[in-house]
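S.K.: Pasting query.txt below, which is compact mmCIF, C-alpha atoms.
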```txt
# COMPACT_ATOMS: atom_id res chain seq x y z
CA MET A 938 -10.85 49.21 -11.68
CA ALA A 939 -12.33 45.87 -12.61
CA HIS A 940 -12.08 43.03 -10.12
CA TYR A 941 -11.90 39.47 -11.28
CA ALA A 942 -12.68 36.41 -9.21
CA VAL A 943 -9.74 34.07 -8.87
CA PRO A 944 -10.90 30.58 -9.86
CA VAL A 945 -10.59 28.07 -7.06
CA LYS A 946 -9.11 24.82 -8.25
CA PRO A 947 -11.33 21.90 -7.15
CA PRO A 948 -9.66 19.33 -4.91
CA VAL A 949 -8.27 16.19 -6.49
CA THR A 950 -10.58 13.17 -6.17
CA PRO A 951 -8.94 10.74 -3.72
CA ALA A 952 -8.01 7.33 -5.09
CA PRO A 953 -9.22 4.29 -3.12
CA ALA A 954 -6.44 2.66 -1.11
CA ALA A 955 -6.03 -0.01 1.55
CA THR A 956 -3.33 -0.89 4.05
CA VAL A 957 -2.65 -3.55 6.68
CA VAL A 958 -1.08 -3.25 10.12
CA LEU A 959 0.71 -6.59 10.55
CA LEU A 960 1.16 -7.61 14.20
CA ARG A 961 3.06 -10.38 15.95
CA ASP A 962 3.52 -11.38 19.58
CA ARG A 963 6.89 -11.14 21.32
CA ALA A 964 8.22 -14.10 23.26
CA ALA A 965 8.92 -11.87 26.27
CA GLY A 966 5.39 -10.44 26.23
CA GLY A 967 3.62 -7.72 24.34
CA PHE A 968 3.60 -7.42 20.58
CA GLU A 969 5.11 -5.46 17.72
CA LEU A 970 3.99 -4.10 14.37
CA LEU A 971 5.61 -3.92 10.96
CA LEU A 972 6.70 -0.60 9.46
CA LEU A 973 8.13 -0.23 5.96
CA GLN A 974 10.27 2.63 4.74
CA ARG A 975 9.27 3.93 1.32
CA HIS A 976 11.96 4.83 -1.19
CA ARG A 977 13.01 8.47 -1.01
CA ALA A 978 12.11 8.88 -4.69
CA SER A 979 8.50 7.81 -4.09
CA LYS A 980 5.78 10.24 -5.19
CA PHE A 981 3.93 9.78 -1.90
CA ALA A 982 5.34 9.47 1.64
CA ALA A 983 8.92 9.44 0.33
CA GLY A 984 11.30 8.18 3.01
CA ASP A 985 8.51 7.72 5.56
CA TYR A 986 7.80 4.53 7.48
CA VAL A 987 4.32 3.26 6.67
CA PHE A 988 2.19 0.13 6.88
CA PRO A 989 2.07 -2.24 3.90
CA GLY A 990 -0.54 -1.15 1.40
CA GLY A 991 -1.32 0.98 -1.61
CA LYS A 992 -3.85 1.91 -4.22
CA VAL A 993 -6.85 -0.35 -4.82
CA GLU A 994 -6.87 -1.33 -8.49
CA ALA A 995 -9.68 -2.35 -10.84
CA ASP A 996 -8.16 -5.85 -10.98
CA ASP A 997 -8.88 -6.22 -7.24
CA ASN A 998 -12.58 -6.61 -7.98
CA PRO A 999 -13.25 -9.39 -10.51
CA PRO A 1000 -16.84 -10.63 -10.91
CA ASP A 1001 -16.08 -13.77 -8.86
CA ALA A 1002 -14.17 -11.99 -6.08
CA ALA A 1003 -16.43 -13.32 -3.31
CA THR A 1004 -15.60 -16.90 -4.33
CA TRP A 1005 -12.03 -16.41 -3.15
CA CYS A 1006 -12.69 -14.49 0.09
CA ALA A 1007 -12.85 -16.50 3.31
CA GLY A 1008 -15.63 -15.60 5.73
CA LEU A 1009 -16.64 -12.38 4.00
CA GLU A 1010 -19.50 -11.67 1.62
CA SER A 1011 -19.91 -8.58 -0.54
CA ALA A 1012 -22.97 -7.34 1.37
CA ARG A 1013 -21.21 -7.63 4.71
CA ALA A 1014 -18.08 -5.90 3.38
CA ALA A 1015 -20.23 -3.07 2.01
CA ALA A 1016 -22.04 -2.64 5.34
CA VAL A 1017 -18.77 -2.51 7.28
CA LEU A 1018 -17.16 0.08 5.01
CA GLY A 1019 -20.29 2.00 4.01
CA VAL A 1020 -19.62 1.63 0.28
CA ASP A 1021 -21.32 0.02 -2.70
CA VAL A 1022 -21.65 -3.75 -2.74
CA GLU A 1023 -19.95 -3.83 -6.14
CA THR A 1024 -16.72 -2.28 -4.82
CA ALA A 1025 -16.48 -3.30 -1.16
CA LEU A 1026 -14.43 -6.49 -1.41
CA ALA A 1027 -11.77 -4.70 -3.47
CA PHE A 1028 -10.52 -2.93 -0.33
CA TRP A 1029 -9.84 -6.21 1.50
CA ILE A 1030 -8.37 -7.82 -1.60
CA GLY A 1031 -6.24 -4.80 -2.46
CA ALA A 1032 -4.86 -4.73 1.07
CA ILE A 1033 -3.86 -8.40 0.84
CA ARG A 1034 -2.37 -8.02 -2.64
CA GLU A 1035 -0.34 -4.93 -1.77
CA THR A 1036 0.96 -6.58 1.41
CA PHE A 1037 2.10 -9.57 -0.63
CA GLU A 1038 3.81 -7.40 -3.25
CA GLU A 1039 5.60 -5.18 -0.74
CA THR A 1040 6.55 -7.73 1.94
CA GLY A 1041 6.10 -11.23 0.52
CA VAL A 1042 3.59 -11.99 3.29
CA LEU A 1043 0.51 -13.67 1.84
CA LEU A 1044 -2.64 -13.65 3.96
CA ALA A 1045 -4.35 -16.70 2.51
CA TYR A 1046 -5.28 -20.34 3.05
CA ASP A 1047 -4.07 -23.16 0.84
CA ARG A 1048 -6.28 -25.65 -0.99
CA ASP A 1049 -6.51 -27.73 2.23
CA GLY A 1050 -7.76 -24.75 4.24
CA ALA A 1051 -4.50 -24.29 6.20
CA PRO A 1052 -2.73 -20.91 6.50
CA LEU A 1053 0.17 -20.62 4.08
CA HIS A 1054 3.52 -21.52 5.61
CA ALA A 1055 7.14 -20.77 4.77
CA ALA A 1056 7.55 -24.30 3.37
CA ARG A 1057 6.08 -23.01 0.11
CA ALA A 1058 7.80 -19.62 0.25
CA ALA A 1059 10.12 -20.16 -2.74
CA LYS A 1060 7.24 -20.94 -5.05
CA PHE A 1061 5.24 -17.92 -3.97
CA GLN A 1062 8.19 -15.57 -4.34
CA GLU A 1063 8.04 -16.28 -8.07
CA TYR A 1064 4.39 -15.29 -8.00
CA ARG A 1065 5.32 -12.18 -6.02
CA ARG A 1066 7.70 -11.00 -8.72
CA ALA A 1067 5.01 -11.55 -11.35
CA CYS A 1068 2.49 -9.55 -9.29
CA GLN A 1069 4.90 -6.63 -9.06
CA VAL A 1070 4.96 -6.47 -12.85
CA GLU A 1071 1.24 -6.91 -13.47
CA ASN A 1072 -1.65 -6.84 -10.99
CA ARG A 1073 -3.68 -9.54 -12.72
CA ALA A 1074 -0.88 -12.01 -11.95
CA PHE A 1075 -2.24 -12.00 -8.40
CA TRP A 1076 -5.48 -13.64 -9.56
CA GLU A 1077 -3.59 -16.08 -11.76
CA MET A 1078 -1.79 -17.19 -8.59
CA VAL A 1079 -4.97 -17.41 -6.50
CA ARG A 1080 -6.77 -19.54 -9.07
CA ALA A 1081 -3.80 -21.73 -10.00
CA GLU A 1082 -3.09 -22.55 -6.35
CA ALA A 1083 -6.77 -22.72 -5.30
CA LEU A 1084 -6.16 -20.22 -2.52
CA MET A 1085 -8.71 -18.60 -0.25
CA LEU A 1086 -7.80 -15.05 0.72
CA ALA A 1087 -7.78 -14.60 4.50
CA THR A 1088 -10.24 -11.72 4.49
CA ASP A 1089 -11.70 -13.17 7.68
CA ARG A 1090 -8.46 -12.33 9.51
CA LEU A 1091 -8.49 -8.62 8.65
CA VAL A 1092 -9.97 -6.32 11.29
CA TYR A 1093 -11.23 -2.99 9.97
CA LEU A 1094 -9.31 -0.35 11.86
CA ALA A 1095 -9.61 3.18 10.45
CA HIS A 1096 -10.67 5.39 7.53
CA TRP A 1097 -8.55 8.37 6.51
CA ILE A 1098 -8.88 10.72 3.55
CA THR A 1099 -5.93 12.86 2.47
CA PRO A 1100 -6.54 16.61 2.99
CA GLU A 1101 -8.23 18.44 0.12
CA GLU A 1102 -5.24 20.76 -0.09
CA SER A 1103 -2.94 17.93 -1.17
CA PRO A 1104 -2.17 17.37 -4.88
CA LEU A 1105 -2.02 13.59 -4.39
CA ARG A 1106 -4.94 12.17 -2.40
CA PHE A 1107 -6.08 8.78 -1.14
CA ASP A 1108 -9.25 7.45 0.48
CA THR A 1109 -7.62 4.81 2.65
CA ARG A 1110 -9.09 1.96 4.67
CA PHE A 1111 -6.80 0.61 7.38
CA PHE A 1112 -6.98 -3.02 8.47
CA ALA A 1113 -5.06 -5.00 11.08
CA ALA A 1114 -4.08 -8.68 11.01
CA GLU A 1115 -1.85 -11.10 12.85
CA MET A 1116 1.33 -12.02 11.02
CA PRO A 1117 1.03 -15.59 9.66
CA ALA A 1118 3.25 -18.10 11.45
CA GLY A 1119 6.20 -19.30 9.40
CA GLN A 1120 6.26 -16.37 6.99
CA GLU A 1121 8.82 -13.58 6.86
CA ALA A 1122 8.37 -9.96 5.84
CA ILE A 1123 11.00 -8.85 3.35
CA GLY A 1124 10.84 -5.51 1.54
CA ASP A 1125 10.81 -5.57 -2.24
CA GLY A 1126 13.99 -3.46 -2.46
CA TYR A 1127 12.28 -1.16 -4.93
CA GLU A 1128 9.36 0.71 -3.39
CA ILE A 1129 10.35 -0.54 0.07
CA VAL A 1130 13.94 -0.08 1.28
CA ASP A 1131 13.66 -1.07 4.96
CA ALA A 1132 11.38 -3.13 7.20
CA ARG A 1133 11.28 -2.87 11.01
CA TRP A 1134 9.30 -4.66 13.68
CA LEU A 1135 8.69 -2.29 16.60
CA ALA A 1136 6.38 -2.24 19.59
CA PRO A 1137 3.86 0.61 19.27
CA ALA A 1138 5.55 2.69 21.99
CA GLU A 1139 8.97 2.01 20.46
CA ALA A 1140 7.80 3.24 17.07
CA LEU A 1141 6.42 6.48 18.50
CA GLU A 1142 9.59 7.07 20.54
CA ALA A 1143 11.78 6.41 17.50
CA ALA A 1144 9.81 9.02 15.57
CA LYS A 1145 10.12 11.50 18.42
CA ARG A 1146 13.90 11.03 18.40
CA GLY A 1147 14.00 11.54 14.64
CA GLU A 1148 15.20 8.01 13.90
CA ILE A 1149 12.21 7.30 11.67
CA SER A 1150 9.67 9.52 9.94
CA LEU A 1151 5.97 8.80 10.49
CA ARG A 1152 3.06 10.49 8.78
CA ASN A 1153 0.16 11.74 10.88
CA PRO A 1154 -2.26 8.87 10.01
CA THR A 1155 0.44 6.31 10.75
CA MET A 1156 1.17 7.81 14.15
CA ARG A 1157 -2.52 8.06 15.07
CA ASN A 1158 -3.15 4.45 14.11
CA ILE A 1159 -0.10 3.22 16.01
CA GLU A 1160 -1.58 4.91 19.07
CA LEU A 1161 -4.60 2.59 18.79
CA PHE A 1162 -2.29 -0.31 19.69
CA LEU A 1163 -0.76 1.17 22.83
CA GLY A 1164 -1.32 -0.81 26.01
CA ALA A 1165 -0.65 -4.29 27.31
CA GLY A 1166 -1.95 -7.54 25.90
CA SER A 1167 -1.37 -9.99 23.10
CA VAL A 1168 -2.12 -9.54 19.42
CA GLY A 1169 -5.27 -11.63 19.75
CA GLN A 1170 -6.52 -9.61 22.70
CA LYS A 1171 -5.83 -6.29 21.01
CA LEU A 1172 -7.55 -7.30 17.76
CA GLU A 1173 -10.58 -8.53 19.65
CA ARG A 1174 -10.90 -5.20 21.46
CA LEU A 1175 -10.64 -3.32 18.17
CA ARG A 1176 -13.09 -5.53 16.29
CA GLY A 1177 -16.52 -4.02 15.63
CA ARG A 1178 -15.64 -0.45 16.62
CA THR A 1179 -17.48 2.47 15.06
CA ILE A 1180 -15.01 3.86 12.52
CA PRO A 1181 -15.20 7.62 11.86
CA THR A 1182 -13.98 9.11 8.59
CA ILE A 1183 -10.99 11.32 9.34
CA ARG A 1184 -10.11 14.03 6.83
CA PRO A 1185 -7.51 16.50 8.14
CA ARG A 1186 -7.19 20.00 6.74
CA VAL A 1187 -3.97 21.87 5.99
CA ILE A 1188 -3.67 25.59 6.66
CA THR A 1189 -0.78 28.03 6.43
CA LYS A 1190 -0.37 30.41 9.34
CA ASP A 1191 2.51 32.86 9.70
CA GLY A 1192 4.29 31.06 6.89
CA ALA A 1193 4.11 27.68 8.63
CA ARG A 1194 2.09 24.64 7.56
CA HIS A 1195 -0.37 23.30 10.13
CA VAL A 1196 -2.48 20.13 10.03
CA LEU A 1197 -5.89 20.43 11.64
CA MET A 1198 -7.82 17.39 12.82
CA PRO A 1199 -11.63 17.24 12.95
CA GLY A 1200 -12.86 18.95 16.12
CA GLU A 1201 -9.80 21.14 16.57
CA PRO A 1202 -10.13 24.96 16.62
CA GLY A 1203 -10.11 26.39 13.10
CA TYR A 1204 -11.13 23.14 11.40
CA TYR A 1205 -13.59 23.66 8.55
```
Is it possible to express this structure as C-alpha cells?

M.R.:
Amino acid sequence: MAHYAVPVKPPVTPAPAATVVLLRDRAAGGFELLLLQRHRASKFAAGDYVFPGGKVEADDNPPDAATWCAGLESARAAAVLGVDVETALAFWIGAIRETFEETGVLLAYDRDGAPLHAARAAKFQEYRRACQVENRAFWEMVRAEALMLATDRLVYLAHWITPEESPLRFDTRFFAAEMPAGQEAIGDGYEIVDARWLAPAEALEAAKRGEISLRNPTMRNIELFLGAGSVGQKLERLRGRTIPTIRPRVITKDGARHVLMPGEPGYY
C-alpha cells in the first residue's frame, strides 16, 4: 500500500500591529487602565476586552514620519524594537492612530507644544470620523493642525506574536502611556462597544469572575502593572526593560485546547 505524505500548511505570516495601555491615576491613590470590548462580530478577539490598538498600516510610515514624532528618531525606534529603520516608527504611529480612532484620545502636542486638551475635542472628533473611513486622513489632520505625535510618551512594554496554529496572526508591539489630562475615552460604537477603567487587580478579578473576557496577552500585560504606585512611577520602572518576544503555542490534548508559553513543559 502506498503511503503519501500529508502536506503541512505553512503558518500564516503575522501582520504588524501595535497597541497602547492607557493609564490614569486615581484620586484616592493607585491607578487604573483602559480596556475596550470588541464587537462580538469582530474577526479577532470578538467580545473580548483589549487595549486600544490594531494593525499597523502602510500609511503609518510616510517618508517624513520622523518630522512629526516628538523625541523619537527612526534609528532609536529601530534599536528599541529590533526592526528595520525604514519601518520602526510605524509601530509608534500606528499605536497612536488606532488609539485615536477607537477611543478619541489623541496622544499629540499642538502647534504651541502643549498636550492636546478637551477644549478642542469637537474639532478633533470630526477628524476622528474621517480617520475611521480612510487611514490617510490621520496625516491630513496632523499636517493641517501642525501636530507633533507624542511618541516620547509611549513606553515600550511587550512583544507578542500570535501562535503559528492560528489562522489570523499578529506581530504586536505593546506600549504604555499616561492618559492625557482633559481628554475622554469614548468607544467608536462600531468596533468598540464598551470602555472600562479598572485597576489592574480589578480587571484580573473581573475576568476570574467571568464578568469580562481577557485574552492571554492582555492578562499577562495587565500583570505587569500590579503593585502600588502612581502612573508615573510605574512607567518609570517599566522604561528600558529588556523585552522578550513571546510566541505561545497551541496544542490539543485529550480533545482540549491548551496554550503553552515559552519555557513551559511541552513547548516547542

S.K.: Would you please work out which residue, of A:Tyr1064, A:Phe1028, A:Phe1111, A:Trp1134, is nearest to Ala995 in chain A when using all atoms listed in the file?

M.R.: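 Among the listed residues, the smallest separation from Ala995 in chain A belongs to A:Phe1028.
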
S.K.: Report, in Å with one decimal, the straight-line distance from CA of Leu1175 in chain A to CA of Pro1052 in chain A.

M.R.: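 Separation of CA of Leu1175 in chain A and CA of Pro1052 in chain A: 22.5 Å.
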
S.K.: For Asp1001 in chain A, work out the shell of residues within 12 Å, counting only C-alpha atoms and skipping chain neighbours fewer than 6 positions away, then give it as a PDB file with C-alpha atoms, in the coordinates of the input.

M.R.:
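result_2.pdb written:
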```pdb
ATOM      1  CA  GLU A1010     -19.500 -11.670   1.620  1.00  0.00           C
ATOM      2  CA  SER A1011     -19.910  -8.580  -0.540  1.00  0.00           C
ATOM      3  CA  GLU A1023     -19.950  -3.830  -6.140  1.00  0.00           C
ATOM      4  CA  LEU A1026     -14.430  -6.490  -1.410  1.00  0.00           C
ATOM      5  CA  ALA A1027     -11.770  -4.700  -3.470  1.00  0.00           C
ATOM      6  CA  TRP A1076      -5.480 -13.640  -9.560  1.00  0.00           C
ATOM      7  CA  VAL A1079      -4.970 -17.410  -6.500  1.00  0.00           C
ATOM      8  CA  ARG A1080      -6.770 -19.540  -9.070  1.00  0.00           C
TER       9      ARG A1080
END
```

S.K.: Please report the interatomic distance between CA of Gly1192 in chain A and CA of Glu1102 in chain A in Å with one decimal.

M.R.: 15.7 Å

S.K.: Do you know which residues are at most 7 Å from Ala952 in chain A counting only C-alpha atoms, after dropping those on the same chain fewer than 5 positions away, and could you put them as a PyMOL selection string?

M.R.: chain A and resi 992+1106-1108

S.K.: In Å, rounded to a single decimal, give me how far CA of Thr1088 in chain A is from CA of Trp1029 in chain A.

M.R.: 6.3 Å

S.K.: Which polymer residues, whether protein, DNA or RNA, lie within 7 Å of the coordinate (-13.5, 7.5, 6.8) when you count all atoms listed in the file? List them as number ranges by chain, using the chain letters and numbers from the file.

M.R.: A: 1095-1098, 1180-1183

S.K.: Taking all atoms listed in the file into account, which of A:His1054, A:Thr1040, A:Val1022, A:Asn1072 comes nearest Glu994 in chain A?

M.R.: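 Looking only at the distances to Glu994 in chain A, the closest residue turns out to be A:Asn1072.
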
S.K.: Report as a list of chain:residue names all protein, DNA and RNA residues lying within 9 Å of range 1081-1086 of chain A, evaluated on all atoms listed in the file, omitting residues in the same chain fewer than 3 positions from it.

M.R.: A:Thr1004, A:Trp1005, A:Cys1006, A:Ala1007, A:Ile1030, A:Ile1033, A:Leu1043, A:Leu1044, A:Ala1045, A:Tyr1046, A:Asp1047, A:Arg1048, A:Asp1049, A:Gly1050, A:Trp1076, A:Glu1077, A:Met1078, A:Asp1089

S.K.: For each of A:Pro947, A:Pro1100, A:Gly967, A:Gly1147, take the minimum atom-to-atom distance to Tyr986 in chain A, counting only C-alpha atoms, then give the residue where this is smallest.

M.R.: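 Closest residue, counting only C-alpha atoms: A:Gly1147.
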